[in-house]
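K.L.:
Dropping in protein-v4.txt, which is compact mmCIF, C-alpha atoms:
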```txt
# COMPACT_ATOMS: atom_id res chain seq x y z
CA MET V 1 25.68 37.79 -135.83
CA ARG V 2 25.83 39.06 -132.27
CA ALA V 3 28.87 38.15 -130.17
CA LEU V 4 30.52 39.13 -126.90
CA THR V 5 33.73 41.03 -127.62
CA TYR V 6 36.69 42.15 -125.55
CA GLN V 7 37.05 45.93 -125.33
CA GLY V 8 39.59 46.43 -122.54
CA LYS V 9 40.29 45.60 -118.92
CA ARG V 10 36.96 44.86 -117.21
CA SER V 11 35.17 45.92 -120.39
CA VAL V 12 33.28 43.60 -122.75
CA SER V 13 30.36 44.34 -125.06
CA VAL V 14 27.96 42.52 -127.35
CA GLU V 15 28.50 43.68 -130.91
CA THR V 16 27.32 42.80 -134.42
CA VAL V 17 30.20 41.03 -136.21
CA PRO V 18 30.50 39.04 -139.46
CA ASP V 19 29.10 35.52 -139.46
CA PRO V 20 31.76 32.80 -139.45
CA THR V 21 32.14 30.74 -142.62
CA ILE V 22 33.60 27.40 -143.61
CA ILE V 23 37.31 27.96 -144.30
CA GLU V 24 38.68 24.41 -144.30
CA PRO V 25 36.82 21.29 -145.46
CA THR V 26 37.14 19.91 -141.91
CA ASP V 27 35.20 22.88 -140.42
CA ALA V 28 31.63 23.06 -139.17
CA ILE V 29 29.41 26.00 -138.24
CA VAL V 30 27.41 25.54 -135.03
CA ARG V 31 24.46 27.72 -134.08
CA ILE V 32 24.98 28.23 -130.35
CA THR V 33 22.08 27.46 -128.02
CA SER V 34 23.98 27.82 -124.72
CA SER V 35 27.39 29.22 -123.82
CA ALA V 36 28.70 29.46 -120.26
CA ILE V 37 30.98 32.02 -118.66
CA CYS V 38 33.96 30.17 -117.22
CA GLY V 39 35.99 31.24 -114.22
CA SER V 40 39.02 31.39 -116.50
CA ASP V 41 37.14 33.92 -118.68
CA LEU V 42 37.48 36.25 -115.72
CA HIS V 43 41.27 36.06 -116.09
CA LEU V 44 40.78 37.56 -119.57
CA TYR V 45 38.49 40.22 -118.12
CA GLU V 46 41.07 41.18 -115.48
CA ILE V 47 44.61 39.99 -116.25
CA PHE V 48 45.27 38.83 -119.81
CA GLY V 49 44.49 42.07 -121.65
CA PRO V 50 48.01 42.33 -123.10
CA PHE V 51 47.28 39.17 -125.11
CA LEU V 52 43.87 40.29 -126.38
CA ASP V 53 42.83 42.70 -129.11
CA LYS V 54 39.78 44.91 -129.03
CA GLY V 55 36.98 43.00 -130.74
CA ASP V 56 38.20 39.47 -129.90
CA ILE V 57 35.24 37.13 -129.38
CA LEU V 58 35.35 35.37 -126.01
CA GLY V 59 33.93 32.10 -124.71
CA HIS V 60 34.97 28.45 -124.68
CA GLU V 61 32.04 26.53 -123.14
CA PRO V 62 29.43 26.33 -125.93
CA MET V 63 26.98 23.87 -127.42
CA GLY V 64 24.38 24.07 -130.15
CA ILE V 65 23.04 22.74 -133.43
CA VAL V 66 25.19 22.00 -136.46
CA GLU V 67 24.19 24.43 -139.21
CA GLU V 68 26.79 23.72 -141.91
CA VAL V 69 29.62 21.22 -142.43
CA GLY V 70 32.68 21.20 -144.66
CA SER V 71 33.10 18.62 -147.40
CA ALA V 72 35.50 16.47 -145.32
CA VAL V 73 33.32 16.25 -142.20
CA THR V 74 31.88 12.77 -141.74
CA ASN V 75 30.99 12.26 -138.06
CA ILE V 76 28.35 14.98 -137.70
CA ARG V 77 25.56 16.27 -139.91
CA VAL V 78 23.47 19.40 -140.21
CA GLY V 79 20.86 19.34 -137.47
CA ASP V 80 22.95 17.36 -134.95
CA ARG V 81 23.07 18.64 -131.39
CA VAL V 82 26.67 18.91 -130.22
CA VAL V 83 28.87 20.13 -127.38
CA VAL V 84 32.05 21.88 -128.52
CA THR V 85 35.25 21.02 -126.64
CA PHE V 86 37.32 23.99 -125.52
CA ASN V 87 40.56 22.32 -126.73
CA ILE V 88 41.02 22.37 -130.49
CA ALA V 89 42.76 19.09 -131.27
CA CYS V 90 43.25 16.70 -134.16
CA GLY V 91 42.79 13.33 -132.46
CA HIS V 92 45.57 11.54 -134.35
CA CYS V 93 48.93 13.17 -133.49
CA PHE V 94 51.46 11.76 -131.00
CA MET V 95 50.00 13.73 -128.07
CA CYS V 96 46.31 13.19 -128.89
CA LEU V 97 46.79 9.43 -129.20
CA ARG V 98 48.24 9.44 -125.69
CA GLY V 99 45.31 11.37 -124.23
CA PHE V 100 47.01 14.76 -124.09
CA GLN V 101 44.70 16.69 -126.40
CA SER V 102 45.67 19.93 -124.65
CA GLN V 103 49.12 19.45 -126.19
CA CYS V 104 47.92 18.56 -129.70
CA GLU V 105 50.88 18.83 -132.08
CA THR V 106 48.64 19.80 -134.99
CA THR V 107 47.19 22.91 -133.32
CA GLN V 108 49.98 23.85 -130.89
CA VAL V 109 50.52 27.61 -130.91
CA LYS V 110 54.23 27.27 -131.53
CA ASP V 111 54.98 30.96 -132.02
CA GLN V 112 53.88 31.48 -128.40
CA ASN V 113 55.44 28.25 -127.11
CA SER V 114 51.95 27.20 -126.01
CA GLY V 115 49.91 24.02 -126.18
CA ALA V 116 46.84 23.32 -128.28
CA ALA V 117 44.74 26.19 -129.58
CA LEU V 118 41.67 27.08 -127.51
CA PHE V 119 38.44 28.82 -128.39
CA GLY V 120 38.19 32.45 -127.29
CA TYR V 121 41.40 32.52 -125.28
CA THR V 122 44.02 35.11 -126.29
CA LYS V 123 47.01 35.22 -128.63
CA LEU V 124 48.73 32.71 -126.36
CA TYR V 125 46.29 30.05 -127.55
CA GLY V 126 45.71 30.99 -131.17
CA GLN V 127 43.28 33.94 -130.89
CA VAL V 128 40.48 31.69 -132.20
CA PRO V 129 37.02 33.36 -132.11
CA GLY V 130 35.04 32.02 -129.17
CA GLY V 131 31.59 30.69 -128.47
CA GLN V 132 29.83 33.48 -126.57
CA ALA V 133 28.15 34.26 -129.86
CA GLU V 134 25.25 33.23 -132.05
CA LEU V 135 27.47 31.17 -134.38
CA LEU V 136 30.82 29.41 -134.02
CA ARG V 137 33.23 28.04 -136.60
CA VAL V 138 34.60 24.73 -135.26
CA PRO V 139 37.91 23.61 -136.83
CA LEU V 140 38.56 19.87 -137.11
CA ALA V 141 34.89 19.46 -136.32
CA ASP V 142 34.75 15.67 -136.42
CA TYR V 143 36.98 15.55 -133.33
CA ASN V 144 36.11 18.78 -131.52
CA THR V 145 32.37 18.17 -131.23
CA ILE V 146 30.54 15.74 -128.95
CA PRO V 147 27.20 14.60 -130.40
CA VAL V 148 24.56 14.38 -127.66
CA GLY V 149 20.92 13.38 -127.39
CA SER V 150 17.83 15.53 -127.59
CA ASP V 151 15.96 14.55 -124.42
CA LEU V 152 17.94 16.40 -121.75
CA PRO V 153 18.29 20.18 -121.35
CA ASP V 154 21.47 21.95 -122.45
CA GLU V 155 22.60 22.39 -118.86
CA ARG V 156 23.04 18.63 -118.44
CA TYR V 157 25.41 18.43 -121.40
CA LEU V 158 26.98 21.89 -121.61
CA PHE V 159 29.67 21.37 -119.00
CA LEU V 160 31.24 18.54 -120.99
CA SER V 161 32.83 21.39 -122.94
CA ASP V 162 35.24 22.20 -120.11
CA ILE V 163 34.47 22.31 -116.41
CA LEU V 164 33.19 18.77 -115.85
CA PRO V 165 36.15 17.05 -117.56
CA THR V 166 38.43 19.61 -115.88
CA ALA V 167 37.05 18.61 -112.47
CA TRP V 168 37.22 14.90 -113.32
CA GLN V 169 40.84 15.22 -114.48
CA ALA V 170 41.74 17.25 -111.38
CA VAL V 171 40.47 14.51 -109.08
CA ASN V 172 42.09 11.81 -111.22
CA TYR V 173 45.40 13.67 -111.04
CA ALA V 174 45.00 14.06 -107.27
CA GLN V 175 45.60 10.30 -106.83
CA VAL V 176 43.35 9.98 -103.80
CA PRO V 177 43.70 6.53 -102.20
CA ASP V 178 40.59 4.37 -101.89
CA GLY V 179 38.43 5.77 -99.13
CA GLY V 180 40.82 8.70 -98.74
CA ILE V 181 40.36 12.36 -97.93
CA LEU V 182 40.30 15.03 -100.63
CA ALA V 183 40.45 18.75 -99.94
CA VAL V 184 39.29 21.25 -102.56
CA SER V 185 40.48 24.86 -102.48
CA GLY V 186 37.86 27.09 -104.07
CA LEU V 187 34.19 26.42 -104.72
CA GLY V 188 33.69 28.15 -108.03
CA PRO V 189 32.24 25.97 -110.80
CA VAL V 190 35.28 23.68 -111.13
CA GLY V 191 35.65 23.37 -107.37
CA GLN V 192 31.94 22.54 -107.00
CA LEU V 193 32.23 19.77 -109.58
CA ALA V 194 35.57 18.47 -108.28
CA SER V 195 33.97 18.16 -104.84
CA ARG V 196 31.02 16.24 -106.28
CA VAL V 197 33.30 14.01 -108.34
CA GLY V 198 35.21 13.22 -105.15
CA ARG V 199 32.00 12.31 -103.31
CA HIS V 200 30.86 10.19 -106.28
CA LEU V 201 34.15 8.27 -106.11
CA GLY V 202 33.71 7.59 -102.40
CA TYR V 203 36.11 10.10 -100.82
CA ARG V 204 35.56 12.34 -97.85
CA VAL V 205 35.65 15.86 -99.27
CA LEU V 206 36.67 18.99 -97.36
CA ALA V 207 36.26 22.24 -99.28
CA ILE V 208 37.45 25.79 -98.58
CA ASP V 209 35.86 29.00 -99.88
CA PRO V 210 35.25 32.48 -98.44
CA VAL V 211 31.82 32.93 -100.08
CA PRO V 212 28.84 31.67 -98.02
CA GLU V 213 26.62 30.96 -101.05
CA ARG V 214 29.30 28.74 -102.56
CA ARG V 215 29.74 26.83 -99.32
CA ALA V 216 25.97 26.39 -99.03
CA MET V 217 25.74 24.91 -102.54
CA ALA V 218 28.50 22.41 -101.78
CA GLU V 219 26.93 21.44 -98.47
CA ARG V 220 23.73 20.46 -100.30
CA HIS V 221 25.76 17.68 -101.91
CA GLY V 222 27.48 16.20 -98.88
CA ILE V 223 30.62 18.33 -98.88
CA GLU V 224 32.15 19.52 -95.60
CA THR V 225 32.95 23.21 -96.09
CA PHE V 226 35.17 25.74 -94.35
CA ASP V 227 35.55 29.50 -94.54
CA LEU V 228 38.89 30.85 -95.74
CA THR V 229 40.18 31.91 -92.32
CA ASP V 230 43.77 32.36 -91.15
CA ASP V 231 43.61 29.07 -89.24
CA VAL V 232 41.84 26.96 -91.88
CA VAL V 233 44.91 24.78 -92.56
CA ASP V 234 45.22 23.99 -88.85
CA ARG V 235 41.50 23.24 -88.61
CA LEU V 236 41.64 20.76 -91.47
CA ARG V 237 44.74 19.12 -90.04
CA ASP V 238 42.87 18.64 -86.76
CA LEU V 239 40.15 16.79 -88.68
CA THR V 240 42.68 14.49 -90.38
CA ASP V 241 44.62 13.08 -87.42
CA GLY V 242 47.07 15.95 -87.58
CA ARG V 243 48.40 14.90 -91.00
CA GLY V 244 46.32 16.83 -93.52
CA PRO V 245 44.24 15.35 -96.36
CA ASP V 246 45.69 12.76 -98.71
CA SER V 247 45.21 15.03 -101.71
CA VAL V 248 44.31 18.64 -102.50
CA VAL V 249 42.76 20.13 -105.64
CA ASP V 250 43.61 23.80 -106.15
CA ALA V 251 40.61 25.05 -108.12
CA VAL V 252 41.37 28.76 -107.67
CA GLY V 253 44.35 29.82 -109.75
CA MET V 254 46.09 33.12 -110.36
CA GLU V 255 43.59 35.50 -108.75
CA ALA V 256 43.47 34.01 -105.28
CA HIS V 257 42.42 36.06 -102.26
CA GLY V 258 45.18 37.04 -99.86
CA SER V 259 48.02 37.92 -102.26
CA PRO V 260 48.42 41.70 -101.99
CA VAL V 261 51.94 41.95 -103.46
CA ALA V 262 51.08 39.85 -106.50
CA THR V 263 47.83 41.77 -106.94
CA ALA V 264 49.76 45.02 -107.05
CA ALA V 265 52.20 43.54 -109.57
CA GLN V 266 49.38 42.33 -111.81
CA ASN V 267 47.73 45.74 -111.69
CA ALA V 268 51.03 47.43 -112.53
CA VAL V 269 51.52 45.22 -115.59
CA GLY V 270 48.00 46.09 -116.70
CA ILE V 271 48.88 49.75 -117.22
CA LEU V 272 51.98 49.11 -119.33
CA PRO V 273 51.86 49.40 -123.14
CA LYS V 274 50.70 46.06 -124.56
CA PRO V 275 54.04 44.95 -126.12
CA VAL V 276 55.87 45.70 -122.87
CA ALA V 277 53.13 44.06 -120.78
CA ARG V 278 53.25 40.90 -122.92
CA ALA V 279 57.01 40.63 -122.54
CA THR V 280 56.77 41.26 -118.80
CA MET V 281 54.10 38.60 -118.27
CA GLN V 282 55.95 36.05 -120.40
CA HIS V 283 59.26 36.46 -118.58
CA VAL V 284 58.74 37.84 -115.08
CA GLY V 285 54.99 37.62 -114.47
CA ILE V 286 53.78 36.40 -111.08
CA ASP V 287 50.52 34.97 -109.83
CA ARG V 288 48.50 35.35 -106.67
CA LEU V 289 49.66 32.10 -105.09
CA ALA V 290 47.72 32.04 -101.81
CA SER V 291 45.56 29.05 -102.82
CA MET V 292 48.47 27.03 -104.17
CA LEU V 293 50.67 27.75 -101.15
CA ASN V 294 47.84 26.80 -98.78
CA SER V 295 47.43 23.56 -100.74
CA PHE V 296 51.12 22.72 -100.37
CA ASP V 297 50.93 23.47 -96.66
CA LEU V 298 47.72 21.52 -96.15
CA VAL V 299 48.43 18.25 -97.97
CA ARG V 300 49.84 15.44 -95.87
CA ARG V 301 53.39 14.21 -96.28
CA GLY V 302 53.60 11.99 -99.35
CA GLY V 303 50.34 13.42 -100.68
CA THR V 304 49.43 14.95 -104.03
CA VAL V 305 48.39 18.47 -105.03
CA SER V 306 46.42 18.67 -108.26
CA VAL V 307 46.31 22.14 -109.79
CA ALA V 308 43.19 22.83 -111.87
CA GLY V 309 43.09 26.61 -111.48
CA VAL V 310 44.76 28.59 -114.26
CA TYR V 311 48.17 30.12 -113.55
CA GLY V 312 50.13 32.30 -115.96
CA GLY V 313 53.24 33.51 -114.12
CA GLU V 314 56.82 32.74 -115.11
CA SER V 315 58.56 33.88 -111.91
CA ASP V 316 56.36 32.42 -109.19
CA PRO V 317 58.30 31.69 -105.98
CA LEU V 318 57.62 28.17 -104.69
CA PRO V 319 58.51 26.66 -101.29
CA MET V 320 60.87 24.06 -102.75
CA LYS V 321 62.44 23.09 -99.42
CA SER V 322 59.07 22.22 -97.90
CA LEU V 323 57.82 20.44 -101.02
CA PHE V 324 60.95 18.31 -101.18
CA ASP V 325 60.93 17.60 -97.45
CA LYS V 326 57.27 16.54 -97.47
CA GLY V 327 57.63 14.43 -100.61
CA VAL V 328 54.69 16.18 -102.28
CA SER V 329 53.65 15.15 -105.78
CA ILE V 330 52.24 17.89 -108.03
CA ARG V 331 50.14 17.36 -111.14
CA MET V 332 48.65 20.10 -113.26
CA GLY V 333 47.75 21.16 -116.75
CA GLN V 334 45.05 22.20 -119.15
CA CYS V 335 42.25 19.63 -119.29
CA ASN V 336 42.38 16.98 -122.01
CA VAL V 337 38.64 17.04 -122.67
CA LYS V 338 38.22 14.18 -125.13
CA ARG V 339 40.28 11.85 -122.93
CA TRP V 340 37.47 11.73 -120.39
CA ILE V 341 34.27 11.94 -122.46
CA ASP V 342 33.65 8.19 -122.77
CA GLU V 343 33.66 7.95 -118.97
CA LEU V 344 31.63 11.09 -118.34
CA LEU V 345 28.88 11.03 -120.96
CA PRO V 346 27.03 8.04 -119.42
CA LEU V 347 27.18 9.73 -116.01
CA VAL V 348 25.82 12.98 -117.44
CA GLU V 349 22.93 11.07 -119.02
CA ASP V 350 22.25 9.02 -115.86
CA ASP V 351 18.77 9.81 -114.51
CA ALA V 352 20.27 9.93 -111.01
CA ASP V 353 22.39 12.96 -112.03
CA PRO V 354 25.37 11.85 -109.88
CA PHE V 355 27.15 15.21 -110.23
CA ALA V 356 23.98 17.21 -109.47
CA LEU V 357 24.37 19.17 -112.70
CA ASP V 358 20.80 20.37 -112.24
CA ASP V 359 22.07 22.37 -109.23
CA LEU V 360 25.00 24.36 -110.57
CA VAL V 361 23.69 27.18 -112.78
CA THR V 362 22.67 30.21 -110.74
CA HIS V 363 22.07 32.66 -113.61
CA THR V 364 20.64 32.03 -117.08
CA GLU V 365 20.66 35.20 -119.17
CA PRO V 366 20.37 36.37 -122.79
CA LEU V 367 23.67 36.93 -124.55
CA GLU V 368 22.92 40.66 -124.56
CA ASN V 369 23.25 40.67 -120.75
CA ALA V 370 26.73 39.15 -120.83
CA PRO V 371 28.64 42.34 -119.90
CA ALA V 372 26.62 42.76 -116.71
CA MET V 373 27.04 39.08 -115.88
CA TYR V 374 30.83 39.24 -116.25
CA GLU V 375 30.88 42.00 -113.64
CA ILE V 376 28.51 40.19 -111.27
CA PHE V 377 30.42 36.92 -111.63
CA GLN V 378 33.79 38.56 -111.03
CA LYS V 379 32.55 40.41 -107.94
CA LYS V 380 30.79 37.25 -106.64
CA GLU V 381 27.58 39.23 -106.25
CA ASP V 382 23.96 38.03 -106.25
CA GLY V 383 25.00 34.48 -105.27
CA CYS V 384 26.57 34.05 -108.69
CA ILE V 385 28.35 30.71 -109.15
CA LYS V 386 27.70 29.69 -112.77
CA VAL V 387 26.31 31.76 -115.65
CA VAL V 388 24.82 30.35 -118.86
CA LEU V 389 24.19 32.70 -121.76
CA LYS V 390 21.44 32.07 -124.32
CA PRO V 391 22.23 33.67 -127.72
```
Show the structure stored in the file as structure tokens.

P.N.:
Amino acid sequence: MRALTYQGKRSVSVETVPDPTIIEPTDAIVRITSSAICGSDLHLYEIFGPFLDKGDILGHEPMGIVEEVGSAVTNIRVGDRVVVTFNIACGHCFMCLRGFQSQCETTQVKDQNSGAALFGYTKLYGQVPGGQAELLRVPLADYNTIPVGSDLPDERYLFLSDILPTAWQAVNYAQVPDGGILAVSGLGPVGQLASRVGRHLGYRVLAIDPVPERRAMAERHGIETFDLTDDVVDRLRDLTDGRGPDSVVDAVGMEAHGSPVATAAQNAVGILPKPVARATMQHVGIDRLASMLNSFDLVRRGGTVSVAGVYGGESDPLPMKSLFDKGVSIRMGQCNVKRWIDELLPLVEDDADPFALDDLVTHTEPLENAPAMYEIFQKKEDGCIKVVLKP
């Protein structure tokens, strides 16, 4: 089959690799019809090279048609159309039963002290081959697939794999009071959807992003947007009676604009030998924290910051005095996809399209064009906000 493979920092290529096969009786093989590039894939492209091997297959936002099932699979059949969740979870352990599928005790990557295994996402999360490929082996397939209908296009269902439940969880974790004000830092795909989820739930939404095309997309859906200027925190405070918003979603993560020292540190780690780089990142790694620090500054006293952007540092300096003084609550974590599907699937299938999923994808390309699209997406060129690959 053809699959997108990691080759090195800022280098990916589509290669011919062996087809996946059924290994366990609980496996299924899915022929991929659509697979998105996630913003967190760009962290692999730029930062997480020490935890990747040349030839690793990337991608964790796929859907397709079931082509083969193991002998123990009972919930899906050959020919079913399914979305594949980016978490790999069992559904019956202590953590899964409590809605924390991202911490599944059956698939936890214990040798890395990490949570549940993920598709296409480094040694830290199991080094499981990903879904930017023609075929995907899905472990524990009864639980890690979402059967969907045949009437709607892939793009209405595809984002159930990751970014829609991630946005929904981020807003849920933000604990916005009824009729409250939610700020969203970053208008990439998760930030776009978190903003729309906030509007759907009746909140006033203020969103910050330096890219005009991203602000324009959000504005089409009733979001008040602001450029990332030096005075943006003061401007948003002025609009909220001097207090700041009730809640803030940080949808940016470790590669935020405006963090020159951390950027230099990340680049320095990138040139170390892989074993040294891995040890450095695991023990003294730092993130570009500009978005998180702005969120802490912006949120009102007694408010909540919900962190949806991916961070990977172990030595990040935090303003503990200010956080304690303001009484800020912080919630974060990898999305627990299956926890939210029963709530989200009816909304995805609603003819009214309450999250405007029909206005999110900016680029639909063949899988063979994936390397070029990674570069365009990372550089925020050509109005690129969300890319869907078609194997």

K.L.:
Need the shell around V:Gly91: protein/DNA/RNA residues with any atom at most 8 Å away, counting all atoms listed in the file. Skip same-chain ones fewer than 6 positions apart. Format as a PyMOL selection string?

P.N.:
chain V and resi 97+101+104+143

K.L.:
Using C-alpha atoms, can you write the selected residues to a file as an mmCIF file, in the frame of the given file?

P.N.:
```cif
data_model
loop_
_atom_site.group_PDB
_atom_site.id
_atom_site.type_symbol
_atom_site.label_atom_id
_atom_site.label_comp_id
_atom_site.auth_asym_id
_atom_site.auth_seq_id
_atom_site.Cartn_x
_atom_site.Cartn_y
_atom_site.Cartn_z
ATOM 1 C CA LEU V 97 46.790 9.430 -129.200
ATOM 2 C CA GLN V 101 44.700 16.690 -126.400
ATOM 3 C CA CYS V 104 47.920 18.560 -129.700
ATOM 4 C CA TYR V 143 36.980 15.550 -133.330
#
```

K.L.:
Please identify all polymer residues within 8 Å of stretch 29-35 of chain V, counting all atoms listed in the file, omitting same-chain residues fewer than 6 positions from it, and present them as a list in words.

P.N.:
Pro20, Thr21, Ile22, Gly59, His60, Glu61, Pro62, Met63, Gly64, Ile65, Val66, Glu67, Glu68, Val69, Gly131, Gln132, Ala133, Glu134, Leu135, Leu136, Arg137, Val138, Asp154, Leu158, Val388, Leu389, Lys390 and Pro391 of chain V

K.L.:
Skipping near chain neighbours, those fewer than 4 positions away, what residues fall within 9 Å of V:Gly309 using only C-alpha atoms, listed as number ranges by chain?

P.N.:
V: 39-40, 190, 249-254, 332-333

K.L.:
Which is closer to V:Phe86 than all the others in V:Val337, V:Leu42, V:Ala216, V:Leu236, using only C-alpha atoms?

P.N.:
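Ranking V:Val337, V:Leu42, V:Ala216, V:Leu236 by distance to V:Phe86, first place goes to V:Val337.
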
K.L.:
Any idea what's packed within 10 Å of V:Ala174, counting only C-alpha atoms, ignoring anything in its chain fewer than 6 positions away? Could you give it as a count of residues only?

P.N.:
17

K.L.:
Can you work out which one of V:Leu357, V:Val148, V:Leu206, V:Ala370 has the shortest atom-to-atom distance to V:Ile341, counting all atoms listed in the file?

P.N.:
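Closest candidate: V:Val148.
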
K.L.:
May I ask for the distance between atom CA of V:Ser185 and atom CA of V:Gly244, given in Å to one decimal place?

P.N.:
13.4 Å

K.L.:
For V:Arg204, which of V:Ala167, V:Asp231, V:Leu298, V:Pro245 is the closest residue, counting only C-alpha atoms?

P.N.:
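Of all the options, V:Pro245 lies closest to V:Arg204.
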
K.L.:
When distances are computed from only C-alpha atoms, which of V:Ala356, V:Val84, V:Leu239, V:Met95 shows the smallest separation from V:Ser195?

P.N.:
V:Ala356

K.L.:
Expressed in Å to a single decimal, how great is the separation between atom CA of V:Pro129 and atom CA of V:Ala36?

P.N.:
15.0 Å

K.L.:
What separation in Å, quoted to one decimal, exists between atom CA of V:Gly8 and atom CA of V:Gly191?

P.N.:
27.9 Å

K.L.:
For V:Asp53, work out the shell of residues within 9 Å, counting all atoms listed in the file and skipping chain neighbours fewer than 5 positions away, then give it as a list in words.

P.N.:
Tyr6, Gln7, Gly8, Thr122, Lys123 and Gln127 of chain V

K.L.:
With all atoms listed in the file as the atoms that count, which of V:Val82, V:Ala117, V:Ile23, V:Cys335 lies nearest to V:Gln169?

P.N.:
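The answer is V:Cys335, which sits nearest to V:Gln169.
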
K.L.:
Centre and edge lengths, as JSON, for the axis-aligned box enclosing every listed atom of stretch 178-197 of chain V with 4 Å of padding on each of the six sides, in Å to one decimal?

P.N.:
```
{"center_x": 35.9, "center_y": 16.3, "center_z": -104.5, "size_x": 17.8, "size_y": 31.8, "size_z": 21.2}
```

K.L.:
Under the rule that all atoms listed in the file are counted, which of V:Phe119, V:Trp340, V:Phe355, V:Phe226 is the nearest residue to V:Asp41?

P.N.:
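Distance minimum relative to V:Asp41 lands on V:Phe119.
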
K.L.:
Mind completing stretch 312-328 of chain V with N, CA and C atoms? Output as a CSV table (one decimal), in the frame of the given file, please?

P.N.:
```csv
chain,number,residue,atom,x,y,z
V,312,GLY,N,49.5,31.8,-114.8
V,312,GLY,CA,50.1,32.3,-116.0
V,312,GLY,C,51.5,32.9,-115.7
V,313,GLY,N,52.0,32.9,-114.5
V,313,GLY,CA,53.2,33.5,-114.1
V,313,GLY,C,54.4,32.7,-114.6
V,314,GLU,N,55.6,33.4,-114.8
V,314,GLU,CA,56.8,32.7,-115.1
V,314,GLU,C,57.9,32.9,-114.0
V,315,SER,N,57.6,33.7,-113.0
V,315,SER,CA,58.6,33.9,-111.9
V,315,SER,C,57.9,33.7,-110.5
V,316,ASP,N,57.0,32.7,-110.4
V,316,ASP,CA,56.4,32.4,-109.2
V,316,ASP,C,57.3,31.8,-108.2
V,317,PRO,N,57.5,32.3,-107.0
V,317,PRO,CA,58.3,31.7,-106.0
V,317,PRO,C,57.6,30.5,-105.3
V,318,LEU,N,58.2,29.4,-105.3
V,318,LEU,CA,57.6,28.2,-104.7
V,318,LEU,C,58.4,27.7,-103.5
V,319,PRO,N,57.8,27.1,-102.5
V,319,PRO,CA,58.5,26.7,-101.3
V,319,PRO,C,59.2,25.3,-101.5
V,320,MET,N,60.3,25.3,-102.3
V,320,MET,CA,60.9,24.1,-102.8
V,320,MET,C,61.4,23.2,-101.6
V,321,LYS,N,61.9,23.9,-100.6
V,321,LYS,CA,62.4,23.1,-99.4
V,321,LYS,C,61.3,22.3,-98.8
V,322,SER,N,60.2,22.9,-98.5
V,322,SER,CA,59.1,22.2,-97.9
V,322,SER,C,58.5,21.1,-98.8
V,323,LEU,N,58.4,21.4,-100.1
V,323,LEU,CA,57.8,20.4,-101.0
V,323,LEU,C,58.7,19.2,-101.1
V,324,PHE,N,60.0,19.4,-101.1
V,324,PHE,CA,61.0,18.3,-101.2
V,324,PHE,C,60.9,17.5,-99.9
V,325,ASP,N,60.9,18.3,-98.8
V,325,ASP,CA,60.9,17.6,-97.4
V,325,ASP,C,59.7,16.8,-97.2
V,326,LYS,N,58.5,17.3,-97.7
V,326,LYS,CA,57.3,16.5,-97.5
V,326,LYS,C,57.0,15.5,-98.5
V,327,GLY,N,57.8,15.4,-99.6
V,327,GLY,CA,57.6,14.4,-100.6
V,327,GLY,C,56.3,14.6,-101.4
V,328,VAL,N,56.0,15.9,-101.6
V,328,VAL,CA,54.7,16.2,-102.3
V,328,VAL,C,54.8,15.9,-103.8
```
